[in-house]
Amino acid sequence: MSTTLPKPTAPPVRRHDATPDAHLFPTRPYDLVKEFCLALAGVLVLTIALAWIFSSPDEKAVTMAGWATAAPNDVVATATGELAGTTTSAGYGAPYNTASDGQALGPLPLQKWAGVTIPVNSAEDLVLTPLSGVGGDAALTAALTAYRAAPPDQQTAWATAYGEALKAAPDGDPAQVAPGDYGPVPVLADKFLALARSGGLEGALTSSGTFYGSDATRSLLLLADGAYLEDQARAQNLGGDQWGMMNETGNYPGQPWMWLYTFWYQVPPFSTSDNADALVWGLMMVLTLGLLLVPFIPGLRSIPRLVPLHRLIWRDWYRRTGQRAAAPPAGGAPPR
Amino acid sequence: MTVTDRTGTEGTGTEGTGTDARSWTARLRGRVTGLVPPGQALPDRQPAYMTSAIYVFGVITLAALVVVVATGVVLSLGGAVWWHVSAAGHVVNSLHLWSTEIFFAAMVVHLWGKFFMAAWRGKRALTWMTGVVAFVGSIGTAFTGYLSQTNFDSQWISTQAKDGLNSVGIGAWMNVLNPAQMLMWHIVLMPLVVGVLVVWHVVLVRRHGVVPPIDAVEPVPAAEEGSR
């Protein structure tokens with residue numbers, strides 16, 4: 001190996017630790033540009049090979065029409081739940097509404113403090129407004145008029161009663177619901193199912209009165225309020241207790257770099273807590289801060305000195321210079 | 001207006017000196033050229049202690065990042081849903097996916113390698129910290145990419161992820177259910193942040209040099225020369 005002593009090109013630096021200036025060490029020829037080009041070529045070849053062999057997943061998005069066809073009873077139950085205020089989005093809290101305080105990080109209700117920045121009224125925005133856009137249906141118009149004319153308590157009572165009746169019906173089948181005082185809710189739910197089947201629901205939810213519909217917040221909230229989306233995800237081993245969103249459909253690696261974040265959701269107390277999201281995020285923030293500040297944390301910053309991996313990395317240097325690595329041999333003293 | 005003798009200021013190699021001290025250009029030049037010691041921006045020699053294969057993972061990370069960005073640029077030409085309806089688009093998406101996987105694999109090895117080398121020694125704490133933030137930023141960039149796929153994965157991941165972000169208030173400004181916002185974050189905002197951090201990180205590496213071995217003592221020139 002050809003090594004030479006460099007000229008002391010860098011100005012002397014005052015140091016709080018004993019690490020010498022890297023520019024004062026002997027050097028050897030090294031072609032950085034060639035190294036980068038070889039790395040680029042290697043990465044390119046490996047990327048092309050992996051793409052060629054494994055391709056990439058592209059499971060089609062669930063459509064409202066697909067949902068209505070595959071699980072019509074779930075669509076009816078979800079629409080009824082939106083009207084009754086019993087769905088996840090209806091009782092979510094910030095940033096969609098003030099129905100609850102949401103989660104808190106210890107004494108800090110961060111979710112509530114952030115406020116309602118994406119206002120969503122689940123009954124109105126996810127069900128009634130899309131239905132209001134349907135024309136030429138006298139039964140629907142009459143049901144909407146009757147529903148809107150009723151006091152809020154009456155609206156909730158109708159929807160809640162119908163929701164309970166759907167749960168009691170075999171397979172949640174609206175056709176087998178026991179008779180009861182449900183007001184116009186069964187008609188609204190049935191028309192909502194028809195709208196979903198027609199393929200017009202996405203547009204009604206996404207456009208929100210604008211020509212360019214690019215915000216899927218309402219569509220996704222509605223979809224997530226139903227059971228169908230989760231059923232599909234669980235069938236693909238994507239459930240929250242199945243290491244969830246770090247995976248992706250098919251046998252693909254997904255986002256393995258999120259393993260630690262996802263890991264906490266699999267173990268108590270996080271797996272059993274209603275406050276799991278805030279707790280996991282709080283924990284991950286602390287751990288990330290710890291990783292960031294490793295150089296300043298006594299004990300943590302000394303781990304590399306105690307773990308002999310560095311002796312492997314610099315074994316040539318230690319051997320050639322006769323300098324000992326951090327962990328001294330038995331009976332020997334460290335060099336400093 | 002002050003007239004400066006150009007003959008006396010050009011070609012001296014002493015940037016920022018011998019010229020109008022009020023010149024913004026000269027001062028900026030001095031700051032830029034002083035970021036790394038002379039000859040260290042692209043040196044053709046490296047410290048003799050750099051013999052381990054662990055050192056290649058930093059450059060592999062950079063190389064993979066180049067492929068990630070290049071394939072992302074090609075994807076952007078066709079638009080958000082092009083890769084769903086085009087065989088060529090799907091191939092480019094596959095290249096984008098796998099280069100991202102390689103990028104992260106190399107970066108994680110690089111990160112742990114640097115951890116066990118205690119690479120923050122010798123005034124290199126900021127180098128470590130920019131690397132960590134670039135790692136976290138890269139996770140955010142990849143995450144927004146998954147949200148921008150406009151397929152089942154993005155539906156499921158976004159509806160799951162919203163709860164975590166909302167629980168700590170981040171969801172109030174980062175709406176993972178809005179694929180248009182997430183796409184813009186993925187192709188503009190986050191790459192800009194990661195790009196600046198990566199450049200900063202590399203400049204710091206070149207500025208301070210590669211960290212010497214743990215417990216290495218400052219070499220004695222004569223002894224070192226004689227030992228080789």
# chains A, B, ... in the order shown; residues from 1 in each chain; ligands from 1
>>> select_by_dssp(residues="stretch 164-330 of chain A", states="helix (DSSP H, G or I)", output="mmCIF file with N, CA and C atoms, in the first residue's frame")
data_model
loop_
_atom_site.group_PDB
_atom_site.id
_atom_site.type_symbol
_atom_site.label_atom_id
_atom_site.label_comp_id
_atom_site.auth_asym_id
_atom_site.auth_seq_id
_atom_site.Cartn_x
_atom_site.Cartn_y
_atom_site.Cartn_z
ATOM 1 N N GLU A 164 -79.320 -0.217 15.081
ATOM 2 C CA GLU A 164 -79.461 -1.359 15.994
ATOM 3 C C GLU A 164 -80.234 -2.493 15.311
ATOM 4 N N ALA A 165 -81.251 -2.114 14.560
ATOM 5 C CA ALA A 165 -82.051 -3.135 13.872
ATOM 6 C C ALA A 165 -81.219 -3.857 12.809
ATOM 7 N N LEU A 166 -80.347 -3.111 12.136
ATOM 8 C CA LEU A 166 -79.467 -3.740 11.140
ATOM 9 C C LEU A 166 -78.522 -4.735 11.809
ATOM 10 N N LYS A 167 -78.018 -4.356 12.967
ATOM 11 C CA LYS A 167 -77.104 -5.266 13.673
ATOM 12 C C LYS A 167 -77.829 -6.553 14.066
ATOM 13 N N ALA A 168 -79.111 -6.424 14.406
ATOM 14 C CA ALA A 168 -79.880 -7.589 14.846
ATOM 15 C C ALA A 168 -80.354 -8.449 13.686
ATOM 16 N N PRO A 170 -80.262 -10.775 10.330
ATOM 17 C CA PRO A 170 -79.307 -11.777 9.825
ATOM 18 C C PRO A 170 -78.375 -11.165 8.776
ATOM 19 N N ASP A 171 -77.083 -11.252 9.042
ATOM 20 C CA ASP A 171 -76.059 -10.745 8.129
ATOM 21 C C ASP A 171 -76.202 -9.243 7.874
ATOM 22 N N GLY A 172 -76.925 -8.547 8.769
ATOM 23 C CA GLY A 172 -77.112 -7.105 8.590
ATOM 24 C C GLY A 172 -77.918 -6.758 7.361
ATOM 25 N N PRO A 174 -80.660 -5.417 5.189
ATOM 26 C CA PRO A 174 -81.751 -4.438 5.368
ATOM 27 C C PRO A 174 -83.120 -5.040 5.067
ATOM 28 N N ALA A 175 -83.172 -6.043 4.185
ATOM 29 C CA ALA A 175 -84.455 -6.645 3.826
ATOM 30 C C ALA A 175 -85.046 -7.455 4.975
ATOM 31 N N GLN A 176 -84.225 -7.785 5.966
ATOM 32 C CA GLN A 176 -84.703 -8.620 7.071
ATOM 33 C C GLN A 176 -84.754 -7.863 8.400
ATOM 34 N N VAL A 185 -84.817 7.086 7.370
ATOM 35 C CA VAL A 185 -83.432 6.586 7.320
ATOM 36 C C VAL A 185 -83.275 5.368 6.405
ATOM 37 N N PRO A 186 -84.181 4.362 6.463
ATOM 38 C CA PRO A 186 -83.998 3.218 5.553
ATOM 39 C C PRO A 186 -83.983 3.630 4.079
ATOM 40 N N VAL A 187 -84.823 4.582 3.720
ATOM 41 C CA VAL A 187 -84.826 5.051 2.322
ATOM 42 C C VAL A 187 -83.504 5.738 1.996
ATOM 43 N N LEU A 188 -83.051 6.605 2.907
ATOM 44 C CA LEU A 188 -81.780 7.308 2.666
ATOM 45 C C LEU A 188 -80.632 6.317 2.524
ATOM 46 N N ALA A 189 -80.594 5.305 3.391
ATOM 47 C CA ALA A 189 -79.510 4.327 3.339
ATOM 48 C C ALA A 189 -79.569 3.516 2.051
ATOM 49 N N ASP A 190 -80.785 3.176 1.657
ATOM 50 C CA ASP A 190 -80.945 2.399 0.421
ATOM 51 C C ASP A 190 -80.548 3.221 -0.804
ATOM 52 N N LYS A 191 -80.938 4.473 -0.806
ATOM 53 C CA LYS A 191 -80.562 5.341 -1.938
ATOM 54 C C LYS A 191 -79.060 5.593 -1.955
ATOM 55 N N PHE A 192 -78.478 5.640 -0.774
ATOM 56 C CA PHE A 192 -77.024 5.813 -0.678
ATOM 57 C C PHE A 192 -76.307 4.617 -1.298
ATOM 58 N N LEU A 193 -76.846 3.426 -1.022
ATOM 59 C CA LEU A 193 -76.285 2.210 -1.622
ATOM 60 C C LEU A 193 -76.404 2.264 -3.152
ATOM 61 N N ALA A 194 -77.551 2.740 -3.616
ATOM 62 C CA ALA A 194 -77.737 2.847 -5.066
ATOM 63 C C ALA A 194 -76.759 3.850 -5.677
ATOM 64 N N LEU A 195 -76.545 4.966 -4.965
ATOM 65 C CA LEU A 195 -75.579 5.964 -5.454
ATOM 66 C C LEU A 195 -74.178 5.370 -5.516
ATOM 67 N N ALA A 196 -73.820 4.606 -4.493
ATOM 68 C CA ALA A 196 -72.502 3.965 -4.481
ATOM 69 C C ALA A 196 -72.379 2.977 -5.637
ATOM 70 N N ARG A 197 -73.414 2.207 -5.848
ATOM 71 C CA ARG A 197 -73.400 1.214 -6.937
ATOM 72 C C ARG A 197 -73.232 1.890 -8.297
ATOM 73 N N SER A 198 -73.804 3.078 -8.421
ATOM 74 C CA SER A 198 -73.779 3.773 -9.718
ATOM 75 C C SER A 198 -72.387 4.274 -10.080
ATOM 76 N N LEU A 201 -70.547 8.039 -6.332
ATOM 77 C CA LEU A 201 -70.296 8.514 -4.963
ATOM 78 C C LEU A 201 -68.914 9.140 -4.804
ATOM 79 N N GLU A 202 -67.913 8.555 -5.456
ATOM 80 C CA GLU A 202 -66.564 9.128 -5.339
ATOM 81 C C GLU A 202 -66.555 10.591 -5.763
ATOM 82 N N GLY A 203 -67.178 10.846 -6.906
ATOM 83 C CA GLY A 203 -67.190 12.221 -7.416
ATOM 84 C C GLY A 203 -67.928 13.154 -6.477
ATOM 85 N N ALA A 204 -69.049 12.672 -5.928
ATOM 86 C CA ALA A 204 -69.831 13.513 -5.026
ATOM 87 C C ALA A 204 -69.050 13.825 -3.753
ATOM 88 N N LEU A 205 -68.216 12.887 -3.327
ATOM 89 C CA LEU A 205 -67.462 13.085 -2.083
ATOM 90 C C LEU A 205 -66.174 13.872 -2.308
ATOM 91 N N THR A 206 -65.545 13.631 -3.450
ATOM 92 C CA THR A 206 -64.216 14.163 -3.671
ATOM 93 C C THR A 206 -64.226 15.564 -4.256
ATOM 94 N N THR A 217 -60.115 13.014 1.185
ATOM 95 C CA THR A 217 -60.323 12.896 2.636
ATOM 96 C C THR A 217 -61.690 12.292 2.963
ATOM 97 N N ARG A 218 -62.739 12.831 2.361
ATOM 98 C CA ARG A 218 -64.087 12.359 2.699
ATOM 99 C C ARG A 218 -64.316 10.929 2.205
ATOM 100 N N SER A 219 -63.864 10.640 0.998
ATOM 101 C CA SER A 219 -64.026 9.278 0.478
ATOM 102 C C SER A 219 -63.326 8.266 1.387
ATOM 103 N N LEU A 220 -62.115 8.608 1.801
ATOM 104 C CA LEU A 220 -61.346 7.671 2.611
ATOM 105 C C LEU A 220 -61.904 7.557 4.025
ATOM 106 N N LEU A 221 -62.412 8.656 4.566
ATOM 107 C CA LEU A 221 -63.038 8.570 5.892
ATOM 108 C C LEU A 221 -64.257 7.649 5.841
ATOM 109 N N LEU A 222 -65.059 7.811 4.785
ATOM 110 C CA LEU A 222 -66.246 6.961 4.641
ATOM 111 C C LEU A 222 -65.845 5.497 4.488
ATOM 112 N N LEU A 223 -64.875 5.267 3.614
ATOM 113 C CA LEU A 223 -64.425 3.900 3.366
ATOM 114 C C LEU A 223 -63.885 3.269 4.651
ATOM 115 N N ALA A 224 -63.118 4.057 5.403
ATOM 116 C CA ALA A 224 -62.535 3.537 6.641
ATOM 117 C C ALA A 224 -63.590 3.337 7.728
ATOM 118 N N ASP A 225 -64.699 4.053 7.635
ATOM 119 C CA ASP A 225 -65.780 3.862 8.613
ATOM 120 C C ASP A 225 -66.464 2.515 8.417
ATOM 121 N N TYR A 228 -65.494 -3.070 5.242
ATOM 122 C CA TYR A 228 -65.007 -3.749 4.042
ATOM 123 C C TYR A 228 -63.510 -3.517 3.803
ATOM 124 N N LEU A 229 -63.086 -2.261 3.942
ATOM 125 C CA LEU A 229 -61.678 -1.937 3.678
ATOM 126 C C LEU A 229 -60.766 -2.729 4.610
ATOM 127 N N GLU A 230 -61.116 -2.755 5.886
ATOM 128 C CA GLU A 230 -60.281 -3.487 6.841
ATOM 129 C C GLU A 230 -60.312 -4.989 6.563
ATOM 130 N N ASP A 231 -61.485 -5.494 6.172
ATOM 131 C CA ASP A 231 -61.561 -6.920 5.838
ATOM 132 C C ASP A 231 -60.591 -7.256 4.706
ATOM 133 N N GLN A 232 -60.555 -6.384 3.704
ATOM 134 C CA GLN A 232 -59.637 -6.605 2.584
ATOM 135 C C GLN A 232 -58.185 -6.547 3.048
ATOM 136 N N ALA A 233 -57.903 -5.595 3.928
ATOM 137 C CA ALA A 233 -56.526 -5.435 4.411
ATOM 138 C C ALA A 233 -56.111 -6.636 5.264
ATOM 139 N N ARG A 234 -57.009 -7.076 6.121
ATOM 140 C CA ARG A 234 -56.669 -8.206 6.989
ATOM 141 C C ARG A 234 -56.449 -9.467 6.159
ATOM 142 N N ALA A 235 -57.198 -9.605 5.084
ATOM 143 C CA ALA A 235 -57.012 -10.761 4.206
ATOM 144 C C ALA A 235 -55.616 -10.748 3.581
ATOM 145 N N GLY A 240 -53.618 -3.863 11.732
ATOM 146 C CA GLY A 240 -52.763 -3.156 12.680
ATOM 147 C C GLY A 240 -52.019 -4.096 13.604
ATOM 148 N N ASP A 241 -52.625 -5.232 13.949
ATOM 149 C CA ASP A 241 -51.957 -6.211 14.793
ATOM 150 C C ASP A 241 -51.205 -7.248 13.963
ATOM 151 N N GLN A 242 -51.089 -6.944 12.665
ATOM 152 C CA GLN A 242 -50.319 -7.835 11.764
ATOM 153 C C GLN A 242 -49.130 -7.061 11.185
ATOM 154 N N GLY A 244 -49.254 -4.245 10.235
ATOM 155 C CA GLY A 244 -49.958 -3.234 9.476
ATOM 156 C C GLY A 244 -49.257 -2.517 8.353
ATOM 157 N N MET A 245 -49.179 -1.203 8.500
ATOM 158 C CA MET A 245 -48.888 -0.376 7.339
ATOM 159 C C MET A 245 -47.420 -0.390 6.928
ATOM 160 N N MET A 246 -46.526 -1.023 7.688
ATOM 161 C CA MET A 246 -45.158 -1.115 7.181
ATOM 162 C C MET A 246 -45.084 -2.153 6.056
ATOM 163 N N PRO A 256 -39.796 -1.683 5.606
ATOM 164 C CA PRO A 256 -39.198 -2.315 6.786
ATOM 165 C C PRO A 256 -38.500 -1.320 7.696
ATOM 166 N N TRP A 257 -38.139 -0.143 7.162
ATOM 167 C CA TRP A 257 -37.481 0.855 7.995
ATOM 168 C C TRP A 257 -38.433 1.431 9.052
ATOM 169 N N MET A 258 -39.727 1.081 8.939
ATOM 170 C CA MET A 258 -40.682 1.536 9.950
ATOM 171 C C MET A 258 -40.972 0.443 10.980
ATOM 172 N N TRP A 259 -40.086 -0.564 11.030
ATOM 173 C CA TRP A 259 -40.388 -1.721 11.883
ATOM 174 C C TRP A 259 -40.526 -1.341 13.355
ATOM 175 N N LEU A 260 -39.684 -0.424 13.815
ATOM 176 C CA LEU A 260 -39.724 -0.102 15.237
ATOM 177 C C LEU A 260 -41.027 0.620 15.590
ATOM 178 N N TYR A 261 -41.446 1.516 14.712
ATOM 179 C CA TYR A 261 -42.717 2.233 14.926
ATOM 180 C C TYR A 261 -43.872 1.233 14.988
ATOM 181 N N THR A 262 -43.904 0.306 14.045
ATOM 182 C CA THR A 262 -44.985 -0.664 13.986
ATOM 183 C C THR A 262 -44.895 -1.681 15.127
ATOM 184 N N PHE A 263 -43.659 -1.950 15.547
ATOM 185 C CA PHE A 263 -43.442 -2.940 16.607
ATOM 186 C C PHE A 263 -44.231 -2.601 17.869
ATOM 187 N N TRP A 264 -44.218 -1.339 18.275
ATOM 188 C CA TRP A 264 -44.860 -0.971 19.544
ATOM 189 C C TRP A 264 -46.345 -1.287 19.539
ATOM 190 N N PHE A 270 -49.210 -0.762 24.582
ATOM 191 C CA PHE A 270 -49.697 -0.038 23.392
ATOM 192 C C PHE A 270 -50.803 -0.812 22.677
ATOM 193 N N SER A 271 -50.643 -2.143 22.613
ATOM 194 C CA SER A 271 -51.603 -2.940 21.849
ATOM 195 C C SER A 271 -52.982 -2.954 22.477
ATOM 196 N N THR A 272 -53.068 -2.580 23.752
ATOM 197 C CA THR A 272 -54.359 -2.622 24.440
ATOM 198 C C THR A 272 -54.851 -1.233 24.845
ATOM 199 N N ALA A 276 -53.106 4.488 22.124
ATOM 200 C CA ALA A 276 -51.880 3.871 21.595
ATOM 201 C C ALA A 276 -51.139 4.775 20.618
ATOM 202 N N ASP A 277 -51.878 5.435 19.729
ATOM 203 C CA ASP A 277 -51.207 6.245 18.703
ATOM 204 C C ASP A 277 -50.357 7.352 19.325
ATOM 205 N N ALA A 278 -50.955 8.059 20.277
ATOM 206 C CA ALA A 278 -50.213 9.152 20.917
ATOM 207 C C ALA A 278 -49.024 8.607 21.696
ATOM 208 N N LEU A 279 -49.227 7.466 22.377
ATOM 209 C CA LEU A 279 -48.135 6.881 23.164
ATOM 210 C C LEU A 279 -46.989 6.434 22.262
ATOM 211 N N VAL A 280 -47.331 5.763 21.168
ATOM 212 C CA VAL A 280 -46.288 5.280 20.257
ATOM 213 C C VAL A 280 -45.561 6.456 19.622
ATOM 214 N N TRP A 281 -46.320 7.458 19.218
ATOM 215 C CA TRP A 281 -45.661 8.633 18.617
ATOM 216 C C TRP A 281 -44.765 9.337 19.625
ATOM 217 N N GLY A 282 -45.249 9.449 20.854
ATOM 218 C CA GLY A 282 -44.430 10.073 21.886
ATOM 219 C C GLY A 282 -43.147 9.304 22.114
ATOM 220 N N LEU A 283 -43.278 7.967 22.189
ATOM 221 C CA LEU A 283 -42.108 7.128 22.406
ATOM 222 C C LEU A 283 -41.125 7.246 21.243
ATOM 223 N N MET A 284 -41.659 7.222 20.017
ATOM 224 C CA MET A 284 -40.784 7.309 18.848
ATOM 225 C C MET A 284 -40.091 8.666 18.759
ATOM 226 N N MET A 285 -40.776 9.704 19.203
ATOM 227 C CA MET A 285 -40.135 11.026 19.214
ATOM 228 C C MET A 285 -38.956 11.040 20.178
ATOM 229 N N VAL A 286 -39.160 10.420 21.353
ATOM 230 C CA VAL A 286 -38.086 10.366 22.342
ATOM 231 C C VAL A 286 -36.913 9.542 21.805
ATOM 232 N N LEU A 287 -37.225 8.376 21.199
ATOM 233 C CA LEU A 287 -36.160 7.517 20.672
ATOM 234 C C LEU A 287 -35.407 8.195 19.527
ATOM 235 N N THR A 288 -36.155 8.900 18.679
ATOM 236 C CA THR A 288 -35.502 9.600 17.560
ATOM 237 C C THR A 288 -34.608 10.713 18.084
ATOM 238 N N LEU A 289 -35.110 11.417 19.089
ATOM 239 C CA LEU A 289 -34.300 12.467 19.702
ATOM 240 C C LEU A 289 -33.047 11.863 20.322
ATOM 241 N N GLY A 290 -33.206 10.681 20.920
ATOM 242 C CA GLY A 290 -32.059 9.997 21.503
ATOM 243 C C GLY A 290 -31.027 9.640 20.446
ATOM 244 N N LEU A 291 -31.485 9.141 19.300
ATOM 245 C CA LEU A 291 -30.561 8.800 18.214
ATOM 246 C C LEU A 291 -29.859 10.052 17.705
ATOM 247 N N LEU A 292 -30.619 11.132 17.605
ATOM 248 C CA LEU A 292 -30.059 12.391 17.114
ATOM 249 C C LEU A 292 -28.972 12.914 18.045
ATOM 250 N N VAL A 294 -27.176 11.215 20.313
ATOM 251 C CA VAL A 294 -26.231 10.206 20.807
ATOM 252 C C VAL A 294 -24.865 10.812 21.150
ATOM 253 N N PRO A 295 -24.323 11.712 20.324
ATOM 254 C CA PRO A 295 -22.989 12.236 20.636
ATOM 255 C C PRO A 295 -22.902 12.948 21.975
ATOM 256 N N PHE A 296 -24.047 13.349 22.525
ATOM 257 C CA PHE A 296 -24.025 14.137 23.759
ATOM 258 C C PHE A 296 -24.558 13.376 24.974
ATOM 259 N N LEU A 300 -24.540 6.271 26.377
ATOM 260 C CA LEU A 300 -24.955 5.864 25.033
ATOM 261 C C LEU A 300 -23.820 6.077 24.036
ATOM 262 N N ARG A 301 -23.138 7.209 24.177
ATOM 263 C CA ARG A 301 -22.072 7.514 23.226
ATOM 264 C C ARG A 301 -20.827 6.659 23.465
ATOM 265 N N SER A 302 -20.816 5.944 24.601
ATOM 266 C CA SER A 302 -19.661 5.090 24.901
ATOM 267 C C SER A 302 -19.860 3.657 24.446
ATOM 268 N N ILE A 303 -21.058 3.341 23.983
ATOM 269 C CA ILE A 303 -21.339 1.969 23.546
ATOM 270 C C ILE A 303 -20.348 1.496 22.469
ATOM 271 N N PRO A 304 -20.062 2.301 21.455
ATOM 272 C CA PRO A 304 -19.126 1.826 20.418
ATOM 273 C C PRO A 304 -17.752 1.469 20.986
ATOM 274 N N ARG A 305 -17.351 2.150 22.049
ATOM 275 C CA ARG A 305 -16.049 1.864 22.662
ATOM 276 C C ARG A 305 -16.075 0.499 23.359
ATOM 277 N N LEU A 306 -17.272 0.135 23.850
ATOM 278 C CA LEU A 306 -17.399 -1.122 24.599
ATOM 279 C C LEU A 306 -17.662 -2.316 23.685
ATOM 280 N N LEU A 309 -16.806 -4.000 17.727
ATOM 281 C CA LEU A 309 -16.949 -3.970 16.263
ATOM 282 C C LEU A 309 -15.926 -3.044 15.604
ATOM 283 N N HIS A 310 -15.571 -1.972 16.299
ATOM 284 C CA HIS A 310 -14.616 -1.035 15.698
ATOM 285 C C HIS A 310 -13.243 -1.671 15.529
ATOM 286 N N ARG A 311 -12.942 -2.665 16.368
ATOM 287 C CA ARG A 311 -11.649 -3.351 16.202
ATOM 288 C C ARG A 311 -11.628 -4.153 14.909
ATOM 289 N N LEU A 312 -12.827 -4.601 14.506
ATOM 290 C CA LEU A 312 -12.925 -5.319 13.230
ATOM 291 C C LEU A 312 -12.804 -4.333 12.062
ATOM 292 N N ILE A 313 -13.488 -3.205 12.192
ATOM 293 C CA ILE A 313 -13.489 -2.211 11.116
ATOM 294 C C ILE A 313 -12.087 -1.666 10.863
ATOM 295 N N ARG A 315 -9.178 -3.058 11.935
ATOM 296 C CA ARG A 315 -8.195 -4.062 12.368
ATOM 297 C C ARG A 315 -6.854 -3.849 11.677
ATOM 298 N N ASP A 316 -6.845 -3.476 10.390
ATOM 299 C CA ASP A 316 -5.587 -3.247 9.667
ATOM 300 C C ASP A 316 -4.789 -2.118 10.318
ATOM 301 N N TRP A 317 -5.514 -1.057 10.621
ATOM 302 C CA TRP A 317 -4.849 0.103 11.215
ATOM 303 C C TRP A 317 -4.254 -0.237 12.579
ATOM 304 N N TYR A 318 -5.051 -0.894 13.387
ATOM 305 C CA TYR A 318 -4.543 -1.249 14.721
ATOM 306 C C TYR A 318 -3.343 -2.191 14.610
ATOM 307 N N ARG A 319 -3.395 -3.106 13.648
ATOM 308 C CA ARG A 319 -2.299 -4.061 13.500
ATOM 309 C C ARG A 319 -1.041 -3.374 12.983
ATOM 310 N N ARG A 320 -1.226 -2.523 11.983
ATOM 311 C CA ARG A 320 -0.060 -1.904 11.349
ATOM 312 C C ARG A 320 0.610 -0.873 12.250
ATOM 313 N N THR A 321 -0.201 -0.164 13.009
ATOM 314 C CA THR A 321 0.381 0.896 13.827
ATOM 315 C C THR A 321 0.758 0.415 15.210
#
>>> closest_atom_pairs(of="chain B", to="chain A", cutoff="6 Å", atoms="only C-alpha atoms", output="CSV")
residue,atom,partner,partner_atom,distance
B:Pro37,CA,A:Ala10,CA,5.4
B:Asp44,CA,A:Tyr30,CA,5.2
B:Arg45,CA,A:Pro29,CA,4.3
B:Gln46,CA,A:Thr27,CA,5.1
B:Pro47,CA,A:Thr27,CA,4.2
B:Ala48,CA,A:Thr27,CA,4.6
B:Tyr49,CA,A:Trp317,CA,5.3
B:Ser52,CA,A:Ile313,CA,5.5
B:Ile60,CA,A:Ala39,CA,5.4
B:Ala63,CA,A:Leu40,CA,4.7
B:Ser94,CA,A:Ser56,CA,4.9
B:Leu95,CA,A:Ala51,CA,5.5
B:Trp98,CA,A:Thr47,CA,5.6
B:Ser99,CA,A:Thr47,CA,5.4
B:Phe116,CA,A:Pro304,CA,4.5
B:Met117,CA,A:His310,CA,5.6
B:Ala118,CA,A:Pro304,CA,5.8
B:Trp120,CA,A:Pro295,CA,6.0
B:Gly122,CA,A:Thr19,CA,5.0
B:Ala125,CA,A:Pro295,CA,5.9
B:Met129,CA,A:Leu292,CA,5.4
B:Val132,CA,A:Leu292,CA,5.9
B:Asn151,CA,A:Ala61,CA,4.2
B:Phe152,CA,A:Ala61,CA,4.1
B:Ile157,CA,A:Met245,CA,5.2
B:Gly164,CA,A:Asp277,CA,4.7
B:Asn166,CA,A:Gln111,CA,5.9
B:Ser167,CA,A:Gln111,CA,5.0
B:Val168,CA,A:Leu110,CA,5.0
B:Gly169,CA,A:Gln111,CA,4.4
B:Ala172,CA,A:Pro95,CA,5.3
B:Leu177,CA,A:Thr217,CA,4.7
B:Asn178,CA,A:Asp215,CA,4.7
B:Ala180,CA,A:Ser214,CA,5.8
B:Gly209,CA,A:Ala22,CA,5.5
B:Pro212,CA,A:Ala22,CA,5.9
B:Glu218,CA,A:Pro20,CA,5.2
>>> write_last_selection(atoms="C-alpha atoms", output="short mmCIF file (atom, residue, chain, number, x, y, z; two decimals), in the first residue's frame")
data_model
loop_
_atom_site.label_atom_id
_atom_site.label_comp_id
_atom_site.auth_asym_id
_atom_site.auth_seq_id
_atom_site.Cartn_x
_atom_site.Cartn_y
_atom_site.Cartn_z
CA PRO B 37 -10.02 22.58 3.45
CA ASP B 44 -7.63 11.60 -4.65
CA ARG B 45 -6.13 10.27 -1.44
CA GLN B 46 -7.86 9.06 1.69
CA PRO B 47 -6.63 8.27 5.20
CA ALA B 48 -4.80 4.97 5.35
CA TYR B 49 -7.14 3.64 8.03
CA SER B 52 -12.94 -1.65 5.68
CA ILE B 60 -23.86 3.20 -2.17
CA ALA B 63 -25.71 6.18 -5.66
CA SER B 94 -40.68 -1.04 -10.04
CA LEU B 95 -37.26 0.56 -10.52
CA TRP B 98 -36.41 -1.32 -5.59
CA SER B 99 -33.91 1.52 -5.71
CA PHE B 116 -20.12 1.58 16.03
CA MET B 117 -17.28 3.77 14.77
CA ALA B 118 -18.49 6.53 17.11
CA TRP B 120 -19.36 11.82 15.94
CA GLY B 122 -13.66 15.05 16.79
CA ALA B 125 -21.60 15.74 16.05
CA MET B 129 -27.05 14.77 13.37
CA VAL B 132 -29.92 11.13 11.39
CA ASN B 151 -54.03 2.22 -5.14
CA PHE B 152 -55.18 -0.08 -2.33
CA ILE B 157 -51.80 3.03 4.71
CA GLY B 164 -50.95 8.43 14.61
CA ASN B 166 -53.70 13.19 14.27
CA SER B 167 -53.02 11.97 17.81
CA VAL B 168 -50.08 14.36 18.18
CA GLY B 169 -51.57 17.19 16.16
CA ALA B 172 -53.94 19.10 11.29
CA LEU B 177 -55.95 11.37 3.23
CA ASN B 178 -55.27 14.02 0.61
CA ALA B 180 -52.62 15.56 -3.97
CA GLY B 209 -12.49 14.23 7.07
CA PRO B 212 -9.95 8.30 12.76
CA GLU B 218 -1.96 11.69 16.28
#
>>> residues_around(residues="stretch 75-83 of chain B", least_positions_apart="6", cutoff="9 Å", atoms="only C-alpha atoms", output="list in words")
Gly89, His90, Val91, Val92, Asn93, His96, Ser148, Gln149, Thr150, Ala180, Leu183 and Ile187 of chain B
